[in-house]
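Okay, start.cif now, which holds mmCIF, N, CA and C atoms and all ligand atoms:
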data_input
loop_
_atom_site.label_atom_id
_atom_site.label_comp_id
_atom_site.auth_asym_id
_atom_site.auth_seq_id
_atom_site.Cartn_x
_atom_site.Cartn_y
_atom_site.Cartn_z
N MET A 9 125.47 -96.26 76.40
CA MET A 9 125.15 -94.96 75.80
C MET A 9 123.97 -94.36 76.55
N ALA A 10 124.09 -93.13 76.94
CA ALA A 10 123.03 -92.47 77.70
C ALA A 10 121.79 -92.24 76.82
N GLN A 11 120.65 -92.65 77.35
CA GLN A 11 119.39 -92.44 76.65
C GLN A 11 118.43 -91.80 77.63
N ALA A 12 117.58 -90.96 77.09
CA ALA A 12 116.56 -90.34 77.94
C ALA A 12 115.30 -91.19 77.89
N HIS A 13 114.83 -91.56 79.04
CA HIS A 13 113.61 -92.35 79.11
C HIS A 13 112.47 -91.60 78.43
N GLY A 14 111.80 -92.28 77.52
CA GLY A 14 110.67 -91.67 76.85
C GLY A 14 111.02 -90.86 75.63
N CYS A 15 112.31 -90.72 75.31
CA CYS A 15 112.71 -89.95 74.13
C CYS A 15 112.49 -90.80 72.88
N LEU A 16 111.69 -90.32 71.98
CA LEU A 16 111.36 -91.07 70.77
C LEU A 16 112.59 -91.31 69.90
N ILE A 17 113.50 -90.38 69.86
CA ILE A 17 114.71 -90.55 69.04
C ILE A 17 115.64 -91.57 69.69
N CYS A 18 115.76 -91.57 71.00
CA CYS A 18 116.57 -92.57 71.69
C CYS A 18 115.96 -93.97 71.56
N ALA A 19 114.71 -94.06 71.15
CA ALA A 19 114.05 -95.35 71.01
C ALA A 19 114.52 -96.13 69.79
N GLY A 20 115.38 -95.55 68.95
CA GLY A 20 115.95 -96.25 67.81
C GLY A 20 114.92 -96.62 66.76
N SER A 21 114.91 -97.89 66.35
CA SER A 21 114.05 -98.30 65.23
C SER A 21 112.56 -98.12 65.55
N ARG A 22 112.17 -98.28 66.81
CA ARG A 22 110.77 -98.04 67.15
C ARG A 22 110.42 -96.57 66.92
N GLY A 23 111.33 -95.68 67.29
CA GLY A 23 111.12 -94.26 67.03
C GLY A 23 111.13 -93.94 65.55
N ASP A 24 112.02 -94.63 64.81
CA ASP A 24 112.07 -94.42 63.36
C ASP A 24 110.74 -94.79 62.71
N ASP A 25 110.15 -95.89 63.16
CA ASP A 25 108.86 -96.31 62.60
C ASP A 25 107.81 -95.23 62.84
N GLU A 26 107.77 -94.73 64.06
CA GLU A 26 106.77 -93.70 64.39
C GLU A 26 107.03 -92.39 63.66
N LEU A 27 108.30 -92.07 63.46
CA LEU A 27 108.67 -90.83 62.77
C LEU A 27 108.70 -91.01 61.25
N ARG A 28 108.41 -92.23 60.80
CA ARG A 28 108.34 -92.53 59.35
C ARG A 28 109.66 -92.19 58.65
N ARG A 29 110.71 -92.88 59.10
CA ARG A 29 112.03 -92.68 58.52
C ARG A 29 112.83 -93.96 58.64
N VAL A 30 113.92 -94.03 57.87
CA VAL A 30 114.80 -95.20 57.92
C VAL A 30 116.23 -94.73 58.13
N GLU A 31 116.97 -95.49 58.95
CA GLU A 31 118.37 -95.14 59.18
C GLU A 31 119.17 -95.47 57.92
N VAL A 32 120.02 -94.54 57.48
CA VAL A 32 120.83 -94.75 56.28
C VAL A 32 122.33 -94.71 56.54
N TRP A 33 122.73 -94.27 57.73
CA TRP A 33 124.16 -94.20 58.06
C TRP A 33 124.31 -93.95 59.55
N ARG A 34 125.40 -94.45 60.11
CA ARG A 34 125.76 -94.10 61.48
C ARG A 34 127.25 -94.28 61.67
N ASP A 35 127.79 -93.58 62.65
CA ASP A 35 129.16 -93.80 63.10
C ASP A 35 129.07 -93.91 64.63
N PRO A 36 130.17 -93.96 65.35
CA PRO A 36 130.06 -94.16 66.80
C PRO A 36 129.33 -93.03 67.54
N LEU A 37 129.18 -91.85 66.93
CA LEU A 37 128.56 -90.72 67.62
C LEU A 37 127.26 -90.24 66.98
N TRP A 38 127.10 -90.41 65.67
CA TRP A 38 126.00 -89.79 64.93
C TRP A 38 125.23 -90.81 64.13
N ARG A 39 123.99 -90.50 63.84
CA ARG A 39 123.21 -91.32 62.90
C ARG A 39 122.42 -90.40 61.98
N LEU A 40 122.18 -90.90 60.78
CA LEU A 40 121.42 -90.18 59.78
C LEU A 40 120.24 -91.04 59.36
N SER A 41 119.06 -90.46 59.34
CA SER A 41 117.88 -91.17 58.87
C SER A 41 117.23 -90.34 57.78
N THR A 42 116.55 -91.03 56.87
CA THR A 42 115.89 -90.36 55.76
C THR A 42 114.40 -90.61 55.84
N SER A 43 113.65 -89.55 55.62
CA SER A 43 112.20 -89.61 55.75
C SER A 43 111.56 -90.41 54.62
N ILE A 44 110.51 -91.17 54.97
CA ILE A 44 109.71 -91.84 53.94
C ILE A 44 108.35 -91.16 53.80
N THR A 45 108.24 -89.96 54.37
CA THR A 45 107.07 -89.11 54.17
C THR A 45 107.54 -87.67 54.18
N ALA A 46 107.83 -87.13 53.01
CA ALA A 46 108.45 -85.81 52.91
C ALA A 46 108.06 -85.15 51.59
N PRO A 47 108.18 -83.83 51.50
CA PRO A 47 107.85 -83.15 50.25
C PRO A 47 108.96 -83.17 49.20
N VAL A 48 110.18 -83.57 49.59
CA VAL A 48 111.28 -83.67 48.63
C VAL A 48 112.09 -84.93 48.93
N VAL A 49 112.74 -85.45 47.92
CA VAL A 49 113.58 -86.64 48.07
C VAL A 49 114.80 -86.29 48.90
N GLY A 50 115.14 -87.13 49.84
CA GLY A 50 116.36 -86.96 50.61
C GLY A 50 116.20 -86.17 51.90
N SER A 51 115.00 -85.82 52.29
CA SER A 51 114.80 -85.13 53.58
C SER A 51 115.31 -86.03 54.68
N SER A 52 116.28 -85.54 55.41
CA SER A 52 117.00 -86.40 56.36
C SER A 52 117.22 -85.70 57.68
N THR A 53 117.54 -86.50 58.68
CA THR A 53 117.80 -85.97 60.01
C THR A 53 119.11 -86.53 60.53
N LEU A 54 120.00 -85.63 60.93
CA LEU A 54 121.26 -86.00 61.58
C LEU A 54 121.11 -85.74 63.06
N GLU A 55 121.42 -86.75 63.87
CA GLU A 55 121.27 -86.57 65.31
C GLU A 55 122.36 -87.33 66.05
N PRO A 56 122.75 -86.86 67.23
CA PRO A 56 123.73 -87.61 68.02
C PRO A 56 123.08 -88.87 68.59
N LEU A 57 123.87 -89.95 68.68
CA LEU A 57 123.35 -91.17 69.31
C LEU A 57 123.11 -90.94 70.80
N ARG A 58 123.98 -90.18 71.42
CA ARG A 58 123.82 -89.85 72.84
C ARG A 58 122.70 -88.82 72.98
N HIS A 59 121.92 -88.94 74.02
CA HIS A 59 120.84 -87.98 74.21
C HIS A 59 121.41 -86.63 74.60
N ILE A 60 121.29 -85.69 73.68
CA ILE A 60 121.65 -84.29 73.91
C ILE A 60 120.38 -83.53 73.56
N ALA A 61 119.83 -82.84 74.52
CA ALA A 61 118.49 -82.27 74.31
C ALA A 61 118.46 -81.18 73.24
N HIS A 62 119.30 -80.19 73.36
CA HIS A 62 119.23 -79.03 72.45
C HIS A 62 120.63 -78.61 72.02
N VAL A 63 120.70 -77.80 70.99
CA VAL A 63 122.00 -77.33 70.50
C VAL A 63 122.74 -76.57 71.61
N THR A 64 122.02 -75.97 72.51
CA THR A 64 122.65 -75.25 73.62
C THR A 64 123.27 -76.20 74.65
N ASP A 65 122.99 -77.49 74.54
CA ASP A 65 123.57 -78.50 75.43
C ASP A 65 124.72 -79.26 74.77
N LEU A 66 125.00 -78.96 73.52
CA LEU A 66 126.01 -79.70 72.76
C LEU A 66 127.38 -79.57 73.41
N ASP A 67 128.04 -80.71 73.64
CA ASP A 67 129.37 -80.70 74.23
C ASP A 67 130.10 -81.99 73.83
N GLY A 68 131.27 -82.18 74.38
CA GLY A 68 132.01 -83.43 74.20
C GLY A 68 132.41 -83.71 72.76
N GLU A 69 132.54 -85.00 72.46
CA GLU A 69 132.97 -85.42 71.13
C GLU A 69 131.98 -85.00 70.05
N GLU A 70 130.70 -84.93 70.39
CA GLU A 70 129.72 -84.50 69.39
C GLU A 70 129.98 -83.05 68.99
N ALA A 71 130.33 -82.21 69.95
CA ALA A 71 130.65 -80.82 69.63
C ALA A 71 131.90 -80.75 68.76
N ALA A 72 132.87 -81.60 69.06
CA ALA A 72 134.14 -81.57 68.33
C ALA A 72 134.01 -82.09 66.90
N THR A 73 133.04 -82.96 66.64
CA THR A 73 132.93 -83.58 65.32
C THR A 73 131.78 -83.03 64.47
N LEU A 74 130.93 -82.22 65.03
CA LEU A 74 129.73 -81.76 64.32
C LEU A 74 130.02 -81.15 62.96
N GLY A 75 130.95 -80.24 62.88
CA GLY A 75 131.20 -79.53 61.63
C GLY A 75 131.55 -80.48 60.49
N ALA A 76 132.46 -81.38 60.73
CA ALA A 76 132.89 -82.31 59.68
C ALA A 76 131.76 -83.26 59.29
N VAL A 77 131.02 -83.74 60.27
CA VAL A 77 129.92 -84.68 59.99
C VAL A 77 128.80 -83.98 59.24
N LEU A 78 128.42 -82.80 59.69
CA LEU A 78 127.33 -82.07 59.03
C LEU A 78 127.71 -81.72 57.59
N ALA A 79 128.93 -81.29 57.39
CA ALA A 79 129.37 -80.95 56.03
C ALA A 79 129.37 -82.19 55.13
N ARG A 80 129.85 -83.31 55.65
CA ARG A 80 129.89 -84.54 54.85
C ARG A 80 128.48 -85.00 54.49
N VAL A 81 127.60 -84.99 55.45
CA VAL A 81 126.21 -85.42 55.21
C VAL A 81 125.54 -84.49 54.20
N ALA A 82 125.67 -83.20 54.38
CA ALA A 82 125.02 -82.25 53.47
C ALA A 82 125.58 -82.38 52.06
N ARG A 83 126.88 -82.52 51.94
CA ARG A 83 127.52 -82.67 50.63
C ARG A 83 127.04 -83.96 49.95
N THR A 84 126.97 -85.03 50.70
CA THR A 84 126.52 -86.31 50.14
C THR A 84 125.06 -86.23 49.72
N LEU A 85 124.22 -85.62 50.54
CA LEU A 85 122.81 -85.46 50.16
C LEU A 85 122.68 -84.64 48.88
N ARG A 86 123.45 -83.57 48.78
CA ARG A 86 123.38 -82.74 47.58
C ARG A 86 123.77 -83.54 46.35
N GLU A 87 124.83 -84.34 46.47
CA GLU A 87 125.29 -85.14 45.33
C GLU A 87 124.29 -86.22 44.96
N VAL A 88 123.80 -86.94 45.94
CA VAL A 88 122.90 -88.07 45.68
C VAL A 88 121.58 -87.59 45.08
N THR A 89 121.08 -86.46 45.56
CA THR A 89 119.78 -85.97 45.09
C THR A 89 119.92 -84.97 43.94
N ARG A 90 121.16 -84.62 43.61
CA ARG A 90 121.42 -83.61 42.57
C ARG A 90 120.73 -82.29 42.90
N ALA A 91 120.72 -81.96 44.17
CA ALA A 91 120.11 -80.72 44.63
C ALA A 91 121.06 -79.55 44.37
N GLU A 92 120.49 -78.34 44.37
CA GLU A 92 121.30 -77.14 44.21
C GLU A 92 121.97 -76.77 45.53
N LEU A 93 121.24 -76.97 46.60
CA LEU A 93 121.77 -76.73 47.93
C LEU A 93 120.97 -77.53 48.94
N VAL A 94 121.42 -77.52 50.17
CA VAL A 94 120.76 -78.30 51.21
C VAL A 94 120.40 -77.35 52.36
N TYR A 95 119.11 -77.26 52.63
CA TYR A 95 118.67 -76.49 53.79
C TYR A 95 118.99 -77.27 55.06
N VAL A 96 119.39 -76.57 56.11
CA VAL A 96 119.62 -77.19 57.41
C VAL A 96 118.85 -76.39 58.45
N ASN A 97 118.01 -77.08 59.19
CA ASN A 97 117.24 -76.43 60.25
C ASN A 97 117.47 -77.14 61.57
N VAL A 98 117.49 -76.36 62.62
CA VAL A 98 117.53 -76.89 63.98
C VAL A 98 116.42 -76.19 64.74
N PHE A 99 115.40 -76.92 65.10
CA PHE A 99 114.28 -76.29 65.78
C PHE A 99 114.26 -76.64 67.27
N GLY A 100 114.21 -77.89 67.62
CA GLY A 100 114.25 -78.27 69.03
C GLY A 100 112.91 -78.38 69.72
N GLU A 101 111.84 -78.16 68.97
CA GLU A 101 110.52 -78.30 69.57
C GLU A 101 110.03 -79.73 69.38
N HIS A 102 108.98 -80.08 70.08
CA HIS A 102 108.30 -81.38 69.97
C HIS A 102 109.08 -82.53 70.60
N ILE A 103 110.30 -82.77 70.18
CA ILE A 103 111.13 -83.82 70.77
C ILE A 103 112.42 -83.17 71.23
N ALA A 104 112.70 -83.29 72.53
CA ALA A 104 113.89 -82.65 73.08
C ALA A 104 115.11 -83.55 72.90
N HIS A 105 115.50 -83.75 71.65
CA HIS A 105 116.73 -84.48 71.28
C HIS A 105 117.29 -83.71 70.09
N LEU A 106 118.51 -83.23 70.25
CA LEU A 106 119.14 -82.43 69.19
C LEU A 106 119.10 -83.13 67.85
N ARG A 107 118.69 -82.40 66.84
CA ARG A 107 118.68 -82.97 65.49
C ARG A 107 118.78 -81.85 64.47
N PHE A 108 119.42 -82.20 63.38
CA PHE A 108 119.60 -81.27 62.27
C PHE A 108 118.77 -81.81 61.12
N ASP A 109 117.75 -81.07 60.75
CA ASP A 109 116.89 -81.46 59.63
C ASP A 109 117.50 -80.94 58.35
N LEU A 110 117.82 -81.83 57.44
CA LEU A 110 118.45 -81.47 56.17
C LEU A 110 117.47 -81.73 55.03
N ALA A 111 117.32 -80.76 54.17
CA ALA A 111 116.38 -80.89 53.06
C ALA A 111 117.04 -80.45 51.76
N PRO A 112 117.35 -81.40 50.87
CA PRO A 112 117.91 -81.03 49.57
C PRO A 112 116.90 -80.18 48.80
N HIS A 113 117.36 -79.09 48.24
CA HIS A 113 116.46 -78.14 47.57
C HIS A 113 116.89 -77.88 46.14
N ARG A 114 115.89 -77.85 45.26
CA ARG A 114 116.09 -77.46 43.86
C ARG A 114 115.04 -76.41 43.52
N THR A 115 115.41 -75.48 42.68
CA THR A 115 114.46 -74.45 42.24
C THR A 115 113.20 -75.11 41.70
N GLY A 116 112.05 -74.63 42.19
CA GLY A 116 110.78 -75.14 41.71
C GLY A 116 110.21 -76.29 42.51
N ASP A 117 110.99 -76.79 43.51
CA ASP A 117 110.42 -77.89 44.30
C ASP A 117 109.46 -77.32 45.35
N GLN A 118 109.05 -78.15 46.28
CA GLN A 118 108.01 -77.75 47.23
C GLN A 118 108.55 -77.03 48.47
N LEU A 119 109.84 -76.79 48.54
CA LEU A 119 110.41 -76.12 49.71
C LEU A 119 110.48 -74.62 49.50
N ARG A 120 110.31 -73.89 50.57
CA ARG A 120 110.46 -72.44 50.55
C ARG A 120 111.37 -72.06 51.71
N GLY A 121 112.44 -71.38 51.40
CA GLY A 121 113.36 -70.97 52.45
C GLY A 121 113.21 -69.50 52.78
N GLY A 122 114.13 -69.00 53.55
CA GLY A 122 114.19 -67.58 53.87
C GLY A 122 112.92 -67.02 54.45
N PRO A 123 112.33 -66.02 53.81
CA PRO A 123 111.17 -65.33 54.39
C PRO A 123 109.99 -66.26 54.68
N ALA A 124 109.90 -67.38 53.98
CA ALA A 124 108.78 -68.30 54.21
C ALA A 124 108.82 -68.91 55.61
N MET A 125 109.97 -68.83 56.29
CA MET A 125 110.08 -69.39 57.63
C MET A 125 109.58 -68.44 58.70
N VAL A 126 109.25 -67.24 58.31
CA VAL A 126 108.78 -66.22 59.26
C VAL A 126 107.28 -66.02 59.08
N ASP A 127 106.60 -65.79 60.16
CA ASP A 127 105.17 -65.52 60.11
C ASP A 127 104.90 -64.44 59.06
N PRO A 128 103.98 -64.67 58.14
CA PRO A 128 103.74 -63.67 57.08
C PRO A 128 103.26 -62.33 57.62
N ASP A 129 102.75 -62.30 58.85
CA ASP A 129 102.31 -61.04 59.45
C ASP A 129 103.38 -60.42 60.34
N ALA A 130 104.57 -60.99 60.35
CA ALA A 130 105.64 -60.48 61.22
C ALA A 130 106.07 -59.09 60.78
N SER A 131 106.45 -58.28 61.75
CA SER A 131 107.01 -56.96 61.44
C SER A 131 108.48 -56.96 61.83
N LEU A 132 109.25 -56.11 61.20
CA LEU A 132 110.66 -56.01 61.53
C LEU A 132 110.82 -55.28 62.85
N LEU A 133 111.72 -55.76 63.70
CA LEU A 133 111.97 -55.11 64.97
C LEU A 133 112.76 -53.83 64.75
N SER A 134 112.67 -52.94 65.71
CA SER A 134 113.39 -51.68 65.61
C SER A 134 114.89 -51.93 65.72
N LEU A 135 115.69 -51.02 65.16
CA LEU A 135 117.14 -51.11 65.27
C LEU A 135 117.57 -51.10 66.73
N GLU A 136 116.85 -50.35 67.56
CA GLU A 136 117.16 -50.30 68.99
C GLU A 136 117.03 -51.69 69.62
N LYS A 137 115.96 -52.38 69.33
CA LYS A 137 115.76 -53.72 69.89
C LYS A 137 116.77 -54.71 69.32
N LEU A 138 117.02 -54.64 68.04
CA LEU A 138 117.98 -55.56 67.42
C LEU A 138 119.38 -55.31 67.94
N GLY A 139 119.73 -54.05 68.10
CA GLY A 139 121.05 -53.68 68.57
C GLY A 139 121.30 -54.12 69.99
N ALA A 140 120.26 -54.13 70.82
CA ALA A 140 120.43 -54.53 72.21
C ALA A 140 120.94 -55.96 72.30
N GLY A 141 120.48 -56.82 71.43
CA GLY A 141 120.96 -58.19 71.43
C GLY A 141 122.37 -58.29 70.87
N ALA A 142 122.61 -57.60 69.78
CA ALA A 142 123.93 -57.65 69.15
C ALA A 142 124.99 -57.01 70.03
N ASP A 143 124.65 -55.98 70.77
CA ASP A 143 125.62 -55.29 71.61
C ASP A 143 126.16 -56.18 72.73
N ARG A 144 125.37 -57.11 73.19
CA ARG A 144 125.80 -57.98 74.30
C ARG A 144 126.65 -59.17 73.85
N MET A 145 126.57 -59.51 72.58
CA MET A 145 127.25 -60.73 72.12
C MET A 145 128.77 -60.69 72.18
N PRO A 146 129.46 -59.62 71.75
CA PRO A 146 130.92 -59.67 71.78
C PRO A 146 131.49 -59.97 73.17
N ALA A 147 130.99 -59.31 74.19
CA ALA A 147 131.50 -59.55 75.54
C ALA A 147 131.14 -60.96 76.01
N ALA A 148 129.92 -61.40 75.68
CA ALA A 148 129.50 -62.74 76.10
C ALA A 148 130.35 -63.81 75.41
N MET A 149 130.69 -63.62 74.15
CA MET A 149 131.52 -64.59 73.44
C MET A 149 132.96 -64.56 73.91
N ALA A 150 133.42 -63.42 74.41
CA ALA A 150 134.81 -63.32 74.87
C ALA A 150 135.00 -63.95 76.24
N SER A 151 133.94 -64.17 76.96
CA SER A 151 134.09 -64.72 78.32
C SER A 151 134.15 -66.22 78.33
ZN ZN A 201 116.99 -88.75 73.07
#
For the file at hand, write its structure as structure tokens.
Amino acid sequence: MAQAHGCLICAGSRGDDELRRVEVWRDPLWRLSTSITAPVVGSSTLEPLRHIAHVTDLDGEEAATLGAVLARVARTLREVTRAELVYVNVFGEHIAHLRFDLAPHRTGDQLRGGPAMVDPDASLLSLEKLGAGADRMPAAMAS
């Protein structure tokens, strides 16, 4: 299995110790670990066993299986924690190994979604700037 030298996630249990988490499930392509230092029960990370740096590098069997695996993991986390929904974030900073951070959420817990993820001083971009990005996507996706 391809591993990136120095990648904390590819380091397996040694990386888990440093990241303060425990592995709770794996299959031939994916592994799920749950945090032992988190603001809510069930905060977990789904990541490919193979070193894939970012979501923009996702390919192969991991790309083909992601949807089913992510849905199964999120559904199971919701059931086990009795959460209302499960937040899923993909950031890609700090450690260049693709991972999906899943956080079961219930009203009144310590998580804040939506606007809380944006700088409180952020301003909305102009329609012209927003449209420039959206205008290029259809042709780019068709190619
Ligand atoms: Zn890695």
For this session: Produce as a PyMOL selection string the set of residues near ligand ZN 201 (chain A), where near means within 12 Å with only C-alpha atoms and all ligand atoms considered.
Result: chain A and resi 9-20+23+55-62+100+102-107
Problem set entry | Those in chain A with helix (DSSP H, G or I) from DSSP, as a PyMOL selection string | chain A and resi 21-27+63-65+68-89+122-125+135-150
Problem set entry | Nearest-residue call for Pro112 of chain A, choices A:Asn97, A:Ser21, A:Ser134, A:Ser51, using only N, CA and C atoms |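 Counting only N, CA and C atoms, the residue closest to Pro112 of chain A is A:Ser51.
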Exercise. Which distance in Å separates atom CA of Val88 of chain A and atom N of Val49 of chain A, to one decimal?
Worked result: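 About the pair atom CA of Val88 of chain A and atom N of Val49 of chain A: they are 10.7 Å apart.
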Exercise. Could you pull the residues within 8 Å of Arg90 of chain A, counting all atoms listed in the file, minus those fewer than 6 positions along the same chain, as a list of chain:residue names?
Worked result: A:Thr84, A:Pro112, A:His113, A:Arg114
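Shell of Ala82 of chain A at 9 Å, with only C-alpha atoms counted and residues fewer than 3 places along the chain excluded, is Val77, Leu78, Ala79, Leu85, Arg86, Glu87, Leu93, Val94, Tyr95, Val96, Leu110, Ala111 and Pro112 of chain A.
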For this session: Go through A:Gly50, A:Ala147, A:Ala71, A:Pro123 one by one, measure the shortest atom-to-atom distance of each to Thr89 of chain A using all atoms listed in the file, and give the residue with the smallest value.
Result: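 Result for the nearest residue to Thr89 of chain A: A:Gly50.
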Exercise. What separation in Å, quoted to one decimal, exists between atom CA of Thr42 of chain A and atom CA of Pro128 of chain A?
Worked result: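 Separating atom CA of Thr42 of chain A from atom CA of Pro128 of chain A is a distance of 29.4 Å.
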For this session: Rounded to one decimal place, report the atom C of Asp109 of chain A-atom C of Leu54 of chain A distance in Å.
Result: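 Distance between the two atoms: 7.6 Å.
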For this session: Could you tell me, as an MDAnalysis selection string, which residues of segment 88-124 of chain A DSSP assigns to strand (DSSP E or B) when given the backbone?
Result: chainID A and resid 93:97 108:113
Output, as lines of an AutoDock Vina configuration file, the centre and edge lengths in Å (one decimal) of the axis-aligned box that contains all listed atoms of segment 122-126 of chain A with 4 Å of margin on each side.
center_x = 110.7
center_y = -67.4
center_z = 56.4
size_x = 14.9
size_y = 12.1
size_z = 13.7
For this session: Between A:Thr53, A:Val48, A:Glu92, A:Val126, single out the one closest to Arg29 of chain A, counting only C-alpha atoms.
Result: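 Smallest separation from Arg29 of chain A among the options: A:Thr53.
With all atoms listed in the file as the atoms that count, the residue of A:Leu37, A:Ala142, A:Ala91, A:Ala46 with the shortest distance to Glu69 of chain A is A:Leu37.
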For this session: Name the residues in contact with Glu70 of chain A at a cut-off of 8 Å, using only N, CA and C atoms, excluding same-chain residues fewer than 3 positions from it; report them as an NGL selection string.
Result: :A and (37-38 or 56 or 66-67 or 73-75)
At a cut-off of 8 Å around the point (112.1, -89.6, 60.4) (file coordinates), what residues fall inside when counting all atoms listed in the file? I'd like the answer as a CSV table (one decimal) with N, CA and C atoms, in the coordinates of the input.
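Final output, selection_34.csv:
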chain,number,residue,atom,x,y,z
A,23,GLY,N,111.3,-95.7,67.3
A,23,GLY,CA,111.1,-94.3,67.0
A,23,GLY,C,111.1,-93.9,65.6
A,24,ASP,N,112.0,-94.6,64.8
A,24,ASP,CA,112.1,-94.4,63.4
A,24,ASP,C,110.7,-94.8,62.7
A,25,ASP,N,110.2,-95.9,63.2
A,25,ASP,CA,108.9,-96.3,62.6
A,25,ASP,C,107.8,-95.2,62.8
A,26,GLU,N,107.8,-94.7,64.1
A,26,GLU,CA,106.8,-93.7,64.4
A,26,GLU,C,107.0,-92.4,63.7
A,27,LEU,N,108.3,-92.1,63.5
A,27,LEU,CA,108.7,-90.8,62.8
A,27,LEU,C,108.7,-91.0,61.2
A,28,ARG,N,108.4,-92.2,60.8
A,28,ARG,CA,108.3,-92.5,59.4
A,28,ARG,C,109.7,-92.2,58.6
A,29,ARG,N,110.7,-92.9,59.1
A,29,ARG,CA,112.0,-92.7,58.5
A,29,ARG,C,112.8,-94.0,58.6
A,30,VAL,N,113.9,-94.0,57.9
A,30,VAL,CA,114.8,-95.2,57.9
A,30,VAL,C,116.2,-94.7,58.1
A,31,GLU,N,117.0,-95.5,59.0
A,31,GLU,CA,118.4,-95.1,59.2
A,31,GLU,C,119.2,-95.5,57.9
A,41,SER,N,119.1,-90.5,59.3
A,41,SER,CA,117.9,-91.2,58.9
A,41,SER,C,117.2,-90.3,57.8
A,42,THR,N,116.6,-91.0,56.9
A,42,THR,CA,115.9,-90.4,55.8
A,42,THR,C,114.4,-90.6,55.8
A,43,SER,N,113.6,-89.6,55.6
A,43,SER,CA,112.2,-89.6,55.8
A,43,SER,C,111.6,-90.4,54.6
A,44,ILE,N,110.5,-91.2,55.0
A,44,ILE,CA,109.7,-91.8,53.9
A,44,ILE,C,108.4,-91.2,53.8
A,45,THR,N,108.2,-90.0,54.4
A,45,THR,CA,107.1,-89.1,54.2
A,45,THR,C,107.5,-87.7,54.2
A,51,SER,N,115.0,-85.8,52.3
A,51,SER,CA,114.8,-85.1,53.6
A,51,SER,C,115.3,-86.0,54.7
A,52,SER,N,116.3,-85.5,55.4
A,52,SER,CA,117.0,-86.4,56.4
A,52,SER,C,117.2,-85.7,57.7
A,53,THR,N,117.5,-86.5,58.7
A,53,THR,CA,117.8,-86.0,60.0
A,53,THR,C,119.1,-86.5,60.5
